[in-house]
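Q: What follows is a structure written as C-alpha cells; I'll ask about it next.
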Amino acid sequence: MAAAPVLKNWRTTLERVEKFVSPRYFTDCNLRGRLFGESCPVAALSSFLTPERLPYQEAVQQDFRPAQVGDSFGPTWWTCWFRVELTIPEAWVGREVHLRWESDGEGLVWRDGEPVQGLTKEGEKISYILTDRLEAGDPRSLTLYVEVACNGLLGAGKGNMIAAPDPEKMFQVSRAELATFHRDVYKLLVDLELLLGIAKAQQLQWVKNHYPGLHARLQEFACRGQFVPVGGTWVEMDGNLPSGEAMVRQFLQGQNFFLQEFGKMCSQFWLPDTFGYSAQLPQIMRSCGITHFLTQKLSWNLVNSFPHHTFFWEGLDGSRVLVHFPPGDSYGMEGSVEEVLKTVTKNRDKGRTNHSAFLFGFGDGGGGPTQTMVDRLTRLCNTDGLPRVQLSSPARLFSALESDSGQLCTWVGELFLELHNGTYTTHAQIKKGNRECERILHDVELLSSLALARNVLFLYPAAQLQDLWRLLLLNQFHDVVTGSCIQLVAEEAMCHYEDIRSHGNTLLSAAAAALCAGEPGPEGLLIVNTLPWNRTEVLALPRPGGAHSLALVTVPSMGYAPAPTSLQPLLPQQPVFVVQETDGSVTLDNGIIRVRLDATGRLTSLVLVASGRETIAEGAVGNQFVLFDDVPLYWDAWDVMDYHLETRKPVLGQAGTLAVGTEGGVRGSAWFLLQISPNSRLSQEVVLDVGCPYVRFHTEVHWHEAHKFLKVEFPARVRSPQATYEIQFGHLQRPTHYNTSWDWARFEVWAHRWMDLSEHGFGLALLNDCKYGASVRGNVLSLSLLRAPKAPDATADMGRHEFTYALMPHKGSLQDAGVIRAAYSLNFPLLVLPTPGPAPSTSWSAFSVSSPAVVLETVKKAETSPQRHTLVLRLYEAHGSHVDCWLHTSLPVQEAVLCDLLERRDPAGYLPLRDARLKLTFSPFQVRSLLLVLQPPSTYTP
C-alpha cells in the first residue's frame, strides 16, 4: 500500500504507547500529566515589588522579603522580582531537571546576571531547564531571579485578549518547584499529537485496517444515526493550494469511502480548520453531492470581521451552497451558559435565521464531549431566560437553516482568510513536491488511458494510482502542504513525494511501452505531449554516449511524435540572437521578445518586438531580488505580517558576474551568481527559446537564513486597479491598491501557475512552476520565493532549492495572448520516454478541443463502470466566457454521456457523436465531466 511508510511509523508510536501505559510506568495514557516525575519545593523564595522597570543589577540589591506559593502581587503594570534558591537532590544524578514555575504575568528567568528564558503560563512556557543531565560533580545549589511583569502575554486586559488594562487585576504565583523531566514521554507526546492531526477522514481507513472490530461498531452506529460521517473529503485539506483536480479527488475518494463503508455519502462538507477557501469550492461541492458547508476558521481574520454567520456562498461559476459559521467561533465549547449566550448574541444574521450550531466537546485533538458537557446542554433544553438548546444532527440543523433561507445574504467569490498567509510560501520543497506529483499523476492517468484504449493486453493500474493519489491527498492536509508542520512530518512528506515520483515514472514507462508495442527492434524515443493543444518547443534529447542535443520538436495535442533524427533542425522562425555588450550587459532576442540584462543579472528592458512596447517601468529594473525581515506576531510558519513590507532591502549583485551560456540558434541564455547574504547564495540561468513568448529564469538557491523572506519583483509599465491570479479551474481578480481595510488585508495572496497585470491592449504575466505566494502592489508584480521560520520546524526551507519562473509580456488580453496555455506548458514539459522497440514513425493525437477557452484537464479510467473500457474526461472553461466547442477524438467511442464529479451519469446527458466529435457548451469557469465508453481494442495498434 502507498500509505505504508505512515502506518509503519504509526505502529512504532503505538508500541511506544504500550510501553508507557504498562503498569511499570503508569496506568493511563495522560502523557501531559506524565511529562514530569519526582518533584521537591525550592529551598527558599523571596520577592521585591516595584512600580518601576529596574535593571537587573539594581533590582538584585533591593530588600527581598520571604514569599511563598499562593502569594498575590500587583497591581497592573508593576514588576515583582523573585529570588529563587534551589538545591537539587543528590538522587537526581543522571536526570534532566527543570524549574517548574507558574505565575500570572509575563516572567523572565535571570541566571548569572543574564536573561535566559521567558516564563508565561499563557504561552505554555512553564518550566526552565536547569540541566539536561545532572552529573555527579555538578553543583547542586544555585540562585536564580525571576522578573515577573504584572501583565499578561497580550497585555493586561480581562481574560487573555488584547484589551484596555484592568487596574484592579492582581497576580499570583501558583507553582515554584524542582522536578525531573521525562524527555522520552515528551517526544512520544509530540508524535501522538502530530499523528492525530494528520489522521483525520484518512483516519477511518486506518481504523478499518488496524481495528476492524471498532470499525464494525462505527458502521452499526452510522446505521442507527448515532455516528454521523461529515466532511466529504479524504483529509481535512487546505482550501487554497491543491489543484482543482486534486480537490475533486479529495471528494471522490472521501465520498466513495463513506458510501462503501457507511452506506451513504456526505451531504455536508465540514472543513473546520484551513487557511482560506477557494472560489471554486462551491461548484466542486455541488457536483460532488454536497449542498451545505460548515466551517469557522474565518473568525480568525486579523483585520476585518466577516459580516455573516449563515449565508449563501456563490462560487466562481455561479454555483451556490448554504454556509454556516457557528457564531461561538469555536469547535471546542463546553456547554457553559456564557458560551450559549455568546452564540446567540454574536450571531450576525439574527432576524434572517433563528438557528445556529453549538459545537461542543474537545474538538481540536478529537477528545470528544464529556458527560458533564452533555448534562449541561440537556439542562439547557428548556431553561427560562436562556436560549433553547437541542441536541441534534447536522442534517436537522441545515434543514432548519434552509427553512429560514429566504432572507439570507449571498457572498460572491473567495473566502479569504486574513491570517496565515505565510503558508503560501513556507517549506518550499513540500510545495514543489506537491506540484510535481499533481503533474506526474495527471500524465500517468492520460498515458495509461490511451494505452488502455489502444492495447488489448494493457492493464490500467487503477489500484496503484489510487494508492498514489491517496498518498498525495494525505499530504494536502492543511498543516502539511502549507508547511506549518514539524520536521518529522516534512521529512515524511518528502519521502512520500519521492515514492509518487518513482512509482509514477515506472507507470509512465509501462504505458509508453504499451502504446508503442510492435515488432522487436532497437530502442527508440517517444516524445509525448500531455496537454490538449499542439506544441512546438525546444527540447533536450539524449544522444549516444550520454550527451544531449537541443532540438525543435512539434507534438500534437494529447498525443506523441517520434524524436527527430537530425541534430540541426530547420528553424521556421527567427533564431535566438545573443549579444554581450562591452559594459557586461547581455541582450537575448527571438523576434517575439527582446530581453536586456545588466551586468548583475537584473532586467533593464523587456520589449514586445512586434509593437516595440517596453514592459519594464521607466527608471526601474526587473528580476530584482529583495529581502524582508519576517518576524510575525503569532506563529512563525503560518504568518507573515504587513509590517514586513517596511523592511524591504534589495539584494545587489556584483558587476561582471553575468556571462553568456547558450550562444543562440534554437536557444540563448545568460547566467549569473548572486550573494544574497554571508550565508546564502543564488545562481540563475535566464533562457529564451526560439518561438517562445516568455523568458524563463531557472534558479538555484542555497538558503541559510533566520526570519527572512526572499521575493523577486518586476515593476511593470502597466497601470490597473486589479491584477488577475490563477486559482483552481479558473482565475479571479484582486485589488492592486489599499483603498479599504479589505484591500489592505490582501497584501500577500495566493495564486497557482500565473498572475497577470493588464491594462487595455497590453499586459505582463508572471508564470511559475512551484510557487504559490504572490502579490501585485501598484505596478509591481512580486513572487514570494523562500521564508525562514523557526517554529514549529527550525529547519524549514534551509538548504538547496531549484525552481523556475517566467515573464511573458503580451498584446491584448491575457486570454487572447495565450497566458493560460503558456503557464500550462511551463508546468507540463514534453515527456521524452524510451520505448522497448522502435518508436512509431508518425505522430498521433488522441484528443483536441476547438476552442482555446476550454481546457481538457483530465483523462482517466472511470472509478467504477460496467464496461472495462470507460474513460472520464474533465474539461473546464478557462477564459470566463460562454462558449460552444467541439471535442475531437481519434479513439473508438461507442457512447458519450455527461456525469458529475463523482462520475455518476446524468440521465439527460447523452451526447451525440458526429464525425468523431462531441459538441459541448460551457458557461464561465464551468467544470464539465463526461464518460466515454470505448470499443475495446482487438489487437495491438502500432
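In the C-alpha cells, chains take letters A, B, ... by order of appearance, with residues numbered from 1 within each chain and ligands from 1 in the order shown.
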Run DSSP on the backbone and grab whatever in stretch 187-405 of chain A lands in strand (DSSP E); send it over as a PDB file with N, CA and C atoms, in the first residue's frame.

A:
ATOM      1  N   GLN A 268     -23.064  17.248   3.777  1.00  0.00           N
ATOM      2  CA  GLN A 268     -22.469  18.459   4.353  1.00  0.00           C
ATOM      3  C   GLN A 268     -20.953  18.348   4.285  1.00  0.00           C
ATOM      4  N   PHE A 269     -20.322  19.407   3.840  1.00  0.00           N
ATOM      5  CA  PHE A 269     -18.863  19.486   3.826  1.00  0.00           C
ATOM      6  C   PHE A 269     -18.426  20.254   5.054  1.00  0.00           C
ATOM      7  N   TRP A 270     -17.670  19.601   5.941  1.00  0.00           N
ATOM      8  CA  TRP A 270     -17.129  20.231   7.148  1.00  0.00           C
ATOM      9  C   TRP A 270     -15.631  20.429   6.944  1.00  0.00           C
ATOM     10  N   HIS A 292     -24.320  21.799   1.539  1.00  0.00           N
ATOM     11  CA  HIS A 292     -24.170  22.550   2.787  1.00  0.00           C
ATOM     12  C   HIS A 292     -22.700  22.550   3.212  1.00  0.00           C
ATOM     13  N   PHE A 293     -22.260  23.656   3.785  1.00  0.00           N
ATOM     14  CA  PHE A 293     -20.857  23.816   4.168  1.00  0.00           C
ATOM     15  C   PHE A 293     -20.781  24.420   5.557  1.00  0.00           C
ATOM     16  N   LEU A 294     -19.937  23.842   6.420  1.00  0.00           N
ATOM     17  CA  LEU A 294     -19.732  24.365   7.772  1.00  0.00           C
ATOM     18  C   LEU A 294     -18.250  24.538   8.036  1.00  0.00           C
ATOM     19  N   THR A 310     -24.552  32.874   8.744  1.00  0.00           N
ATOM     20  CA  THR A 310     -25.327  31.977   7.881  1.00  0.00           C
ATOM     21  C   THR A 310     -25.626  32.729   6.590  1.00  0.00           C
ATOM     22  N   PHE A 311     -25.249  32.150   5.444  1.00  0.00           N
ATOM     23  CA  PHE A 311     -25.369  32.873   4.183  1.00  0.00           C
ATOM     24  C   PHE A 311     -25.226  31.885   3.033  1.00  0.00           C
ATOM     25  N   PHE A 312     -25.546  32.349   1.852  1.00  0.00           N
ATOM     26  CA  PHE A 312     -25.272  31.585   0.646  1.00  0.00           C
ATOM     27  C   PHE A 312     -23.912  32.013   0.094  1.00  0.00           C
ATOM     28  N   TRP A 313     -23.131  31.015  -0.295  1.00  0.00           N
ATOM     29  CA  TRP A 313     -21.826  31.285  -0.893  1.00  0.00           C
ATOM     30  C   TRP A 313     -21.905  30.962  -2.376  1.00  0.00           C
ATOM     31  N   GLU A 314     -21.635  31.978  -3.192  1.00  0.00           N
ATOM     32  CA  GLU A 314     -21.678  31.820  -4.643  1.00  0.00           C
ATOM     33  C   GLU A 314     -20.261  31.751  -5.184  1.00  0.00           C
ATOM     34  N   ARG A 320     -24.058  27.794  -5.936  1.00  0.00           N
ATOM     35  CA  ARG A 320     -24.304  28.295  -4.583  1.00  0.00           C
ATOM     36  C   ARG A 320     -24.461  27.138  -3.610  1.00  0.00           C
ATOM     37  N   VAL A 321     -23.921  27.327  -2.390  1.00  0.00           N
ATOM     38  CA  VAL A 321     -24.141  26.392  -1.286  1.00  0.00           C
ATOM     39  C   VAL A 321     -24.542  27.198  -0.056  1.00  0.00           C
ATOM     40  N   LEU A 322     -25.265  26.550   0.845  1.00  0.00           N
ATOM     41  CA  LEU A 322     -25.662  27.173   2.101  1.00  0.00           C
ATOM     42  C   LEU A 322     -24.541  26.970   3.110  1.00  0.00           C
ATOM     43  N   VAL A 323     -24.079  28.065   3.692  1.00  0.00           N
ATOM     44  CA  VAL A 323     -22.917  28.040   4.589  1.00  0.00           C
ATOM     45  C   VAL A 323     -23.327  28.464   5.975  1.00  0.00           C
ATOM     46  N   HIS A 324     -22.737  27.794   6.987  1.00  0.00           N
ATOM     47  CA  HIS A 324     -22.949  28.196   8.369  1.00  0.00           C
ATOM     48  C   HIS A 324     -21.614  28.269   9.096  1.00  0.00           C
TER      49      HIS A 324
END

Q: Enumerate as number ranges by chain all residues of stretch 323-436 of chain A assigned to alpha helix (DSSP H) by DSSP on the backbone, naming them with the chain letters and numbers the document uses.

A: A: 337-345, 371-379, 394-403, 428-436

Q: Restricting the output to C-alpha atoms, write the selected residues as a PDB file, in the first residue's frame.

A:
ATOM      1  CA  VAL A 337     -24.132  29.419  29.930  1.00  0.00           C
ATOM      2  CA  GLU A 338     -21.629  32.044  28.834  1.00  0.00           C
ATOM      3  CA  GLU A 339     -20.877  30.137  25.627  1.00  0.00           C
ATOM      4  CA  VAL A 340     -24.543  29.633  24.814  1.00  0.00           C
ATOM      5  CA  LEU A 341     -25.306  33.312  25.313  1.00  0.00           C
ATOM      6  CA  LYS A 342     -22.290  34.267  23.195  1.00  0.00           C
ATOM      7  CA  THR A 343     -23.533  32.036  20.384  1.00  0.00           C
ATOM      8  CA  VAL A 344     -26.848  33.902  20.311  1.00  0.00           C
ATOM      9  CA  THR A 345     -25.642  37.456  20.856  1.00  0.00           C
ATOM     10  CA  GLN A 371     -20.717  13.555  30.325  1.00  0.00           C
ATOM     11  CA  THR A 372     -20.696  16.899  32.126  1.00  0.00           C
ATOM     12  CA  MET A 373     -20.994  18.763  28.824  1.00  0.00           C
ATOM     13  CA  VAL A 374     -23.893  16.579  27.730  1.00  0.00           C
ATOM     14  CA  ASP A 375     -25.610  17.065  31.096  1.00  0.00           C
ATOM     15  CA  ARG A 376     -25.223  20.851  30.898  1.00  0.00           C
ATOM     16  CA  LEU A 377     -26.713  21.042  27.416  1.00  0.00           C
ATOM     17  CA  THR A 378     -29.566  18.692  28.368  1.00  0.00           C
ATOM     18  CA  ARG A 379     -30.467  21.047  31.206  1.00  0.00           C
ATOM     19  CA  PRO A 394     -26.063  18.332  11.089  1.00  0.00           C
ATOM     20  CA  ALA A 395     -28.894  17.413   8.724  1.00  0.00           C
ATOM     21  CA  ARG A 396     -31.534  18.769  11.105  1.00  0.00           C
ATOM     22  CA  LEU A 397     -29.516  21.956  11.637  1.00  0.00           C
ATOM     23  CA  PHE A 398     -29.245  22.689   7.917  1.00  0.00           C
ATOM     24  CA  SER A 399     -32.883  21.761   7.398  1.00  0.00           C
ATOM     25  CA  ALA A 400     -33.814  24.419   9.939  1.00  0.00           C
ATOM     26  CA  LEU A 401     -31.465  26.931   8.322  1.00  0.00           C
ATOM     27  CA  GLU A 402     -32.956  26.233   4.904  1.00  0.00           C
ATOM     28  CA  SER A 403     -36.443  26.890   6.228  1.00  0.00           C
ATOM     29  CA  ALA A 428       9.113  25.403  -0.492  1.00  0.00           C
ATOM     30  CA  GLN A 429      10.272  21.817  -1.063  1.00  0.00           C
ATOM     31  CA  ILE A 430       6.892  20.479   0.077  1.00  0.00           C
ATOM     32  CA  LYS A 431       5.109  22.805  -2.323  1.00  0.00           C
ATOM     33  CA  LYS A 432       7.395  21.798  -5.171  1.00  0.00           C
ATOM     34  CA  GLY A 433       6.792  18.131  -4.394  1.00  0.00           C
ATOM     35  CA  ASN A 434       3.035  18.719  -4.359  1.00  0.00           C
ATOM     36  CA  ARG A 435       3.025  20.486  -7.746  1.00  0.00           C
ATOM     37  CA  GLU A 436       5.300  17.889  -9.354  1.00  0.00           C
TER      38      GLU A 436
END

Q: Go through stretch 278-387 of chain A and flag each residue having an atom no more than 9 Å from stretch 716-740 of chain A; for those, report the closest pair of atoms plus their distance in Å to one decimal, using only C-alpha atoms, ordered by chain and rising number, as a tab-separated table.

A:
residue	atom	partner	partner_atom	distance
A:Ser278	CA	A:Ile727	CA	7.4
A:Ala279	CA	A:Ile727	CA	8.0
A:Gln280	CA	A:Gln728	CA	6.4
A:Leu281	CA	A:Gln728	CA	8.8
A:Leu316	CA	A:Gly730	CA	7.9

Q: Using only C-alpha atoms, which residues sit within 6 Å of stretch 702-709 of chain A once same-chain residues fewer than 3 positions away are excluded, as number ranges by chain?

A: A: 627-631, 679-681, 786-789, 798-800

Q: Tell me which protein, DNA and RNA residues are within 8 Å of A:Gly653, counting only C-alpha atoms, leaving out same-chain ones fewer than 2 positions away, and put them as a ChimeraX atom specification.

A: /A:600-601,651,655,673-675

Q: Mind dumping the selected residues with C-alpha atoms as a tab-separated table (two decimals), in the first residue's frame?

A:
chain	number	residue	atom	x	y	z
A	600	THR	CA	24.45	41.89	-12.41
A	601	GLY	CA	21.54	39.95	-13.95
A	651	VAL	CA	19.83	42.37	-2.93
A	655	ALA	CA	29.03	43.74	-11.80
A	673	LEU	CA	25.76	34.43	-9.43
A	674	LEU	CA	24.32	36.49	-6.57
A	675	GLN	CA	25.40	36.55	-2.94

Q: If we count only C-alpha atoms, what is near A:Met755 at a cut-off of 12 Å, once residues fewer than 3 positions away on the same chain are taken out, given as a count of residues only?

A: 43

Q: When you look at stretch 486-500 of chain A with a cut-off of 7 Å (counting only C-alpha atoms), what residues show up, excluding the ones that are within fewer than 5 positions of it in the same chain? I need them as number ranges by chain.

A: A: 430, 433, 437, 468, 471, 475, 792-793

Q: Could those selected residues go to a file with C-alpha atoms, as a PDB file, in the first residue's frame?

A:
ATOM      1  CA  ILE A 430       6.892  20.479   0.077  1.00  0.00           C
ATOM      2  CA  GLY A 433       6.792  18.131  -4.394  1.00  0.00           C
ATOM      3  CA  CYS A 437       3.260  14.963  -8.065  1.00  0.00           C
ATOM      4  CA  LEU A 468      -0.550   7.187  -5.094  1.00  0.00           C
ATOM      5  CA  LEU A 471      -0.743   9.451  -0.564  1.00  0.00           C
ATOM      6  CA  ASN A 475      -0.086  15.386   2.290  1.00  0.00           C
ATOM      7  CA  PRO A 792       7.464  24.550  14.646  1.00  0.00           C
ATOM      8  CA  ASP A 793      10.311  23.345  12.380  1.00  0.00           C
TER       9      ASP A 793
END

Q: Within 9 Å of A:Ile440, counting only C-alpha atoms, which residues qualify if same-chain residues fewer than 2 places away don't, as a list of chain:residue names?

A: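 Near A:Ile440, the qualifying residues are A:Arg435, A:Glu436, A:Cys437, A:Glu438, A:His442, A:Asp443, A:Val444, A:Glu445, A:Ile500, A:Arg501, A:Gly504, A:Asn505, A:Leu508, A:Phe828.
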
Q: Restricting the output to C-alpha atoms, write the selected residues as a compact mmCIF listing (two decimals), in the first residue's frame.

A:
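selection.txt, written as the output of this step:
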# COMPACT_ATOMS: atom_id res chain seq x y z
CA ARG A 435 3.02 20.49 -7.75
CA GLU A 436 5.30 17.89 -9.35
CA CYS A 437 3.26 14.96 -8.07
CA GLU A 438 -0.01 16.51 -9.25
CA HIS A 442 -2.06 13.66 -14.44
CA ASP A 443 0.43 12.35 -17.01
CA VAL A 444 0.26 8.74 -15.80
CA GLU A 445 -3.54 8.71 -15.99
CA ILE A 500 5.00 9.07 -6.05
CA ARG A 501 7.73 10.22 -8.45
CA GLY A 504 4.78 7.35 -11.34
CA ASN A 505 7.78 7.23 -13.65
CA LEU A 508 4.72 6.20 -17.37
CA PHE A 828 3.85 20.21 -18.03
